[in-house]
Amino acid sequence: MKKRIWNKVVSIFTAILLVVGLVPNTTITALAAETNIVYVGGVALTGSSGSITYATTNENGEVITEGATADNYNIKWDGSTLTLHNATIKESVSMDTSTLIAGAAIGVLNQSGDANLTITLEGDNTIDDVSQGIYVLAHSSTTGTANLTITGNGSLTTSGFQNGIRIQSNNGDATLSIQNAAVEATVTDWGDGIMIQSGESSNASLSVDGGSLTTDGNGNSRAGIRFHFGFGVYGSGTPSLNVSDS
């Protein structure tokens, strides 16, 4: 009887050690994987240069990976560049997937470093009926920049209830760069067309080079373009807006 009880104690103790030892490693692995995951229409796309992921969109704005190929796609993801090819997106990240970027039609999240996304536009692309059109978030409280580059010869119209485009770093710089592409970012409810939020005493910058940008805000004290620093109302930092060949 004593031996049986002792065996149960050893089993429980071993299980506790496994949980304590494995949970941190599992968490680290999950965080590291976030750097090559992009959420599009509520679907997590994982890709790399050697394993490109394709998806299509239907008339309801849903993202579908089944049946998509290099010859039949509206969305292509290679781990760093997201290509939109006549895509229509009307679905978003759910609360069950991530509370941090929930409501975003296109979302990138990194909780331990930089959050970077490049979007290449082909043809005419639309984001609508979501809380936030595009959301790039570097959520670490100690490090990490947030950067979004939109390029290509196509166009993008992104409309959100809160933000058309949001780039946020909790502790570092935040940057939006538009190159050659035509971008329109608007709000349908209450918020800023474009929100660029950096950490306290950091830099928030927007540049348009050879492309075009149309944006507006909605509601009292809301703006087409808002630079925000830190989490308070009176944070300090350096805003930058550069327009060339546009």
# chains A, B, ... in the order shown; residues from 1 in each chain; ligands from 1
$ residues_around --residues "Ile101 in chain A" --least-positions-apart "5" --cutoff "7 Å" --atoms "only C-alpha atoms" --output "number ranges by chain"
A: 93, 107, 135
$ write_last_selection --atoms "N, CA, C and O atoms" --output "tab-separated table (two decimals), in the first residue's frame"
chain	number	residue	atom	x	y	z
A	93	VAL	N	-9.31	38.89	-37.51
A	93	VAL	CA	-8.82	38.04	-36.44
A	93	VAL	C	-9.84	38.00	-35.31
A	93	VAL	O	-10.34	39.04	-34.87
A	107	GLY	N	-3.13	41.24	-39.87
A	107	GLY	CA	-2.45	41.50	-38.60
A	107	GLY	C	-1.14	40.77	-38.48
A	107	GLY	O	-1.01	39.61	-38.88
A	135	TYR	N	-3.10	45.96	-39.01
A	135	TYR	CA	-2.56	46.22	-37.67
A	135	TYR	C	-1.23	45.49	-37.53
A	135	TYR	O	-1.17	44.26	-37.57
$ residues_around --residues "Thr53 in chain A" --least-positions-apart "3" --cutoff "6 Å" --atoms "only C-alpha atoms" --output "mmCIF file with all heavy atoms, in the first residue's frame"
data_model
loop_
_atom_site.group_PDB
_atom_site.id
_atom_site.type_symbol
_atom_site.label_atom_id
_atom_site.label_comp_id
_atom_site.auth_asym_id
_atom_site.auth_seq_id
_atom_site.Cartn_x
_atom_site.Cartn_y
_atom_site.Cartn_z
ATOM 1 N N GLY A 47 4.464 31.013 -43.885
ATOM 2 C CA GLY A 47 5.180 30.788 -45.131
ATOM 3 C C GLY A 47 6.650 31.142 -45.011
ATOM 4 O O GLY A 47 7.093 31.735 -44.027
ATOM 5 N N LYS A 76 -0.705 35.958 -51.463
ATOM 6 C CA LYS A 76 0.522 35.150 -51.453
ATOM 7 C C LYS A 76 1.397 35.603 -50.293
ATOM 8 O O LYS A 76 1.606 36.796 -50.093
ATOM 9 C CB LYS A 76 1.277 35.300 -52.781
ATOM 10 C CG LYS A 76 2.583 34.518 -52.831
ATOM 11 C CD LYS A 76 3.193 34.536 -54.236
ATOM 12 C CE LYS A 76 3.708 35.899 -54.614
ATOM 13 N NZ LYS A 76 4.439 35.874 -55.916
ATOM 14 N N TRP A 77 1.924 34.641 -49.527
ATOM 15 C CA TRP A 77 2.740 34.951 -48.348
ATOM 16 C C TRP A 77 4.004 34.113 -48.365
ATOM 17 O O TRP A 77 3.950 32.877 -48.402
ATOM 18 C CB TRP A 77 1.944 34.688 -47.070
ATOM 19 C CG TRP A 77 2.700 34.786 -45.788
ATOM 20 C CD1 TRP A 77 2.930 33.794 -44.881
ATOM 21 C CD2 TRP A 77 3.326 35.960 -45.240
ATOM 22 N NE1 TRP A 77 3.647 34.267 -43.815
ATOM 23 C CE2 TRP A 77 3.911 35.602 -44.006
ATOM 24 C CE3 TRP A 77 3.450 37.284 -45.688
ATOM 25 C CZ2 TRP A 77 4.602 36.517 -43.213
ATOM 26 C CZ3 TRP A 77 4.146 38.186 -44.892
ATOM 27 C CH2 TRP A 77 4.704 37.806 -43.675
#
$ select_by_dssp --residues "range 7-184 of chain A" --states "strand (DSSP E or B)" --output "ChimeraX atom specification"
/A:37-40,43-46,48,51,53-57,63-64,69,72,75-77,81-85,88-89,104-110,115-122,124-138,146-152,155-169,174-179,182-184
$ select_by_dssp --residues "range 7-185 of chain A" --states "alpha helix (DSSP H)" --output "list in words"
Asn7, Lys8, Val9, Val10, Ser11, Ile12, Phe13, Thr14, Ala15, Ile16, Leu17, Leu18, Val19, Val20, Gly21, Leu22, Val23, Pro24, Asn25, Thr26, Thr27, Ile28, Thr29, Ala30, Leu31, Ala32 and Ala33 of chain A
$ write_last_selection --atoms "C-alpha atoms" --output "CSV table (one decimal), in the first residue's frame"
chain,number,residue,atom,x,y,z
A,7,ASN,CA,4.5,5.6,-6.8
A,8,LYS,CA,1.6,8.0,-7.2
A,9,VAL,CA,3.6,10.7,-5.5
A,10,VAL,CA,6.5,10.2,-7.8
A,11,SER,CA,4.2,10.3,-10.8
A,12,ILE,CA,2.6,13.5,-9.8
A,13,PHE,CA,6.0,15.1,-9.0
A,14,THR,CA,7.4,14.0,-12.3
A,15,ALA,CA,4.4,15.5,-14.1
A,16,ILE,CA,4.9,18.8,-12.3
A,17,LEU,CA,8.5,18.9,-13.4
A,18,LEU,CA,7.5,18.2,-17.0
A,19,VAL,CA,5.0,21.0,-17.0
A,20,VAL,CA,7.4,23.5,-15.4
A,21,GLY,CA,10.1,22.5,-17.8
A,22,LEU,CA,8.1,22.3,-21.0
A,23,VAL,CA,5.7,25.3,-20.7
A,24,PRO,CA,8.4,28.0,-21.0
A,25,ASN,CA,10.0,26.3,-24.0
A,26,THR,CA,6.6,25.9,-25.7
A,27,THR,CA,5.9,29.6,-25.1
A,28,ILE,CA,9.3,30.7,-26.5
A,29,THR,CA,8.7,28.5,-29.6
A,30,ALA,CA,5.3,30.1,-30.1
A,31,LEU,CA,6.6,33.6,-29.8
A,32,ALA,CA,9.5,33.0,-32.2
A,33,ALA,CA,7.0,31.5,-34.8
$ atom_distance --atom1 "CA of Leu117 in chain A" --atom2 "CA of Val233 in chain A"
27.5 Å
$ atom_distance --atom1 "CA of Leu82 in chain A" --atom2 "CA of His228 in chain A"
26.2 Å
$ residues_around --residues "Ser221 in chain A" --least-positions-apart "2" --cutoff "10 Å" --atoms "only C-alpha atoms" --output "ChimeraX atom specification"
/A:190-192,217-219,223
$ atom_distance --atom1 "CA of Ala44 in chain A" --atom2 "CA of Ser131 in chain A"
17.7 Å
$ residues_around --residues "Ile127 in chain A" --least-positions-apart "2" --cutoff "10 Å" --atoms "only C-alpha atoms" --output "list of chain:residue names"
A:Gly41, A:Gly61, A:Ala87, A:Thr88, A:Ile89, A:Lys90, A:Glu91, A:Ser92, A:Ala104, A:Ala105, A:Ile106, A:Asn125, A:Asp129, A:Val130, A:Gln132, A:Gly133, A:Ile134, A:Leu156, A:Thr157, A:Thr158, A:Ser159, A:Gly160, A:Gly164, A:Ala185
$ write_last_selection --atoms "N, CA and C atoms" --output "PDB file, in the first residue's frame"
ATOM      1  N   GLY A  41      -7.739  37.930 -43.007  1.00  0.00           N
ATOM      2  CA  GLY A  41      -9.128  37.505 -42.968  1.00  0.00           C
ATOM      3  C   GLY A  41      -9.422  36.478 -41.897  1.00  0.00           C
ATOM      4  N   GLY A  61     -15.689  38.101 -49.042  1.00  0.00           N
ATOM      5  CA  GLY A  61     -14.486  38.605 -48.411  1.00  0.00           C
ATOM      6  C   GLY A  61     -13.804  37.600 -47.514  1.00  0.00           C
ATOM      7  N   ALA A  87      -7.597  41.290 -54.265  1.00  0.00           N
ATOM      8  CA  ALA A  87      -8.163  40.621 -53.088  1.00  0.00           C
ATOM      9  C   ALA A  87      -9.247  41.477 -52.442  1.00  0.00           C
ATOM     10  N   THR A  88     -10.277  40.806 -51.916  1.00  0.00           N
ATOM     11  CA  THR A  88     -11.316  41.459 -51.129  1.00  0.00           C
ATOM     12  C   THR A  88     -11.392  40.752 -49.780  1.00  0.00           C
ATOM     13  N   ILE A  89     -11.146  41.490 -48.696  1.00  0.00           N
ATOM     14  CA  ILE A  89     -11.082  40.901 -47.355  1.00  0.00           C
ATOM     15  C   ILE A  89     -12.100  41.591 -46.461  1.00  0.00           C
ATOM     16  N   LYS A  90     -13.019  40.797 -45.901  1.00  0.00           N
ATOM     17  CA  LYS A  90     -14.049  41.339 -45.023  1.00  0.00           C
ATOM     18  C   LYS A  90     -14.174  40.542 -43.728  1.00  0.00           C
ATOM     19  N   GLU A  91     -13.202  39.687 -43.447  1.00  0.00           N
ATOM     20  CA  GLU A  91     -13.153  38.935 -42.199  1.00  0.00           C
ATOM     21  C   GLU A  91     -11.924  39.374 -41.418  1.00  0.00           C
ATOM     22  N   SER A  92     -11.912  39.092 -40.094  1.00  0.00           N
ATOM     23  CA  SER A  92     -10.827  39.595 -39.258  1.00  0.00           C
ATOM     24  C   SER A  92     -10.408  38.569 -38.212  1.00  0.00           C
ATOM     25  N   ALA A 104      -8.569  42.804 -36.703  1.00  0.00           N
ATOM     26  CA  ALA A 104      -7.754  43.251 -37.834  1.00  0.00           C
ATOM     27  C   ALA A 104      -7.947  42.326 -39.029  1.00  0.00           C
ATOM     28  N   ALA A 105      -8.164  42.908 -40.197  1.00  0.00           N
ATOM     29  CA  ALA A 105      -8.258  42.105 -41.412  1.00  0.00           C
ATOM     30  C   ALA A 105      -6.892  41.524 -41.764  1.00  0.00           C
ATOM     31  N   ILE A 106      -5.851  42.328 -41.623  1.00  0.00           N
ATOM     32  CA  ILE A 106      -4.467  41.869 -41.793  1.00  0.00           C
ATOM     33  C   ILE A 106      -3.715  42.228 -40.522  1.00  0.00           C
ATOM     34  N   ASN A 125      -7.413  46.236 -54.612  1.00  0.00           N
ATOM     35  CA  ASN A 125      -7.621  45.439 -53.404  1.00  0.00           C
ATOM     36  C   ASN A 125      -8.460  46.221 -52.399  1.00  0.00           C
ATOM     37  N   ASP A 129     -15.551  46.293 -43.634  1.00  0.00           N
ATOM     38  CA  ASP A 129     -16.398  45.635 -42.631  1.00  0.00           C
ATOM     39  C   ASP A 129     -15.603  45.002 -41.492  1.00  0.00           C
ATOM     40  N   VAL A 130     -14.504  45.634 -41.087  1.00  0.00           N
ATOM     41  CA  VAL A 130     -13.691  45.124 -39.982  1.00  0.00           C
ATOM     42  C   VAL A 130     -13.420  46.257 -38.997  1.00  0.00           C
ATOM     43  N   GLN A 132     -10.291  47.010 -37.667  1.00  0.00           N
ATOM     44  CA  GLN A 132      -9.058  47.655 -38.112  1.00  0.00           C
ATOM     45  C   GLN A 132      -8.598  46.984 -39.403  1.00  0.00           C
ATOM     46  N   GLY A 133      -8.268  47.799 -40.388  1.00  0.00           N
ATOM     47  CA  GLY A 133      -7.875  47.241 -41.677  1.00  0.00           C
ATOM     48  C   GLY A 133      -6.577  46.468 -41.592  1.00  0.00           C
ATOM     49  N   ILE A 134      -5.502  47.160 -41.246  1.00  0.00           N
ATOM     50  CA  ILE A 134      -4.178  46.557 -41.098  1.00  0.00           C
ATOM     51  C   ILE A 134      -3.628  46.948 -39.736  1.00  0.00           C
ATOM     52  N   LEU A 156      -4.955  49.951 -52.868  1.00  0.00           N
ATOM     53  CA  LEU A 156      -5.583  49.360 -51.691  1.00  0.00           C
ATOM     54  C   LEU A 156      -6.523  50.377 -51.064  1.00  0.00           C
ATOM     55  N   THR A 157      -7.767  49.971 -50.882  1.00  0.00           N
ATOM     56  CA  THR A 157      -8.732  50.753 -50.117  1.00  0.00           C
ATOM     57  C   THR A 157      -9.032  49.980 -48.850  1.00  0.00           C
ATOM     58  N   THR A 158      -8.660  50.550 -47.707  1.00  0.00           N
ATOM     59  CA  THR A 158      -8.865  49.872 -46.435  1.00  0.00           C
ATOM     60  C   THR A 158      -9.703  50.736 -45.520  1.00  0.00           C
ATOM     61  N   SER A 159     -10.795  50.165 -45.039  1.00  0.00           N
ATOM     62  CA  SER A 159     -11.733  50.899 -44.198  1.00  0.00           C
ATOM     63  C   SER A 159     -12.015  50.087 -42.941  1.00  0.00           C
ATOM     64  N   GLY A 160     -11.923  50.737 -41.776  1.00  0.00           N
ATOM     65  CA  GLY A 160     -12.182  50.056 -40.512  1.00  0.00           C
ATOM     66  C   GLY A 160     -13.113  50.865 -39.629  1.00  0.00           C
ATOM     67  N   GLY A 164      -8.112  52.590 -40.245  1.00  0.00           N
ATOM     68  CA  GLY A 164      -7.836  51.987 -41.541  1.00  0.00           C
ATOM     69  C   GLY A 164      -6.514  51.247 -41.505  1.00  0.00           C
ATOM     70  N   ALA A 185      -7.105  55.055 -46.779  1.00  0.00           N
ATOM     71  CA  ALA A 185      -7.394  54.509 -45.449  1.00  0.00           C
ATOM     72  C   ALA A 185      -8.412  55.397 -44.763  1.00  0.00           C
TER      73      ALA A 185
END
$ closest_residue --among "A:Thr186, A:Gln179, A:Gln197, A:Asn171" --to "Ser244 in chain A" --atoms "only C-alpha atoms"
A:Gln179
$ closest_residue --among "A:Ser80, A:Ser207, A:Thr175, A:Thr99" --to "Val38 in chain A" --atoms "only C-alpha atoms"
A:Ser80
$ closest_residue --among "A:Asn147, A:Ser198, A:Ser236, A:Asn86" --to "Asn116 in chain A" --atoms "only C-alpha atoms"
A:Asn147
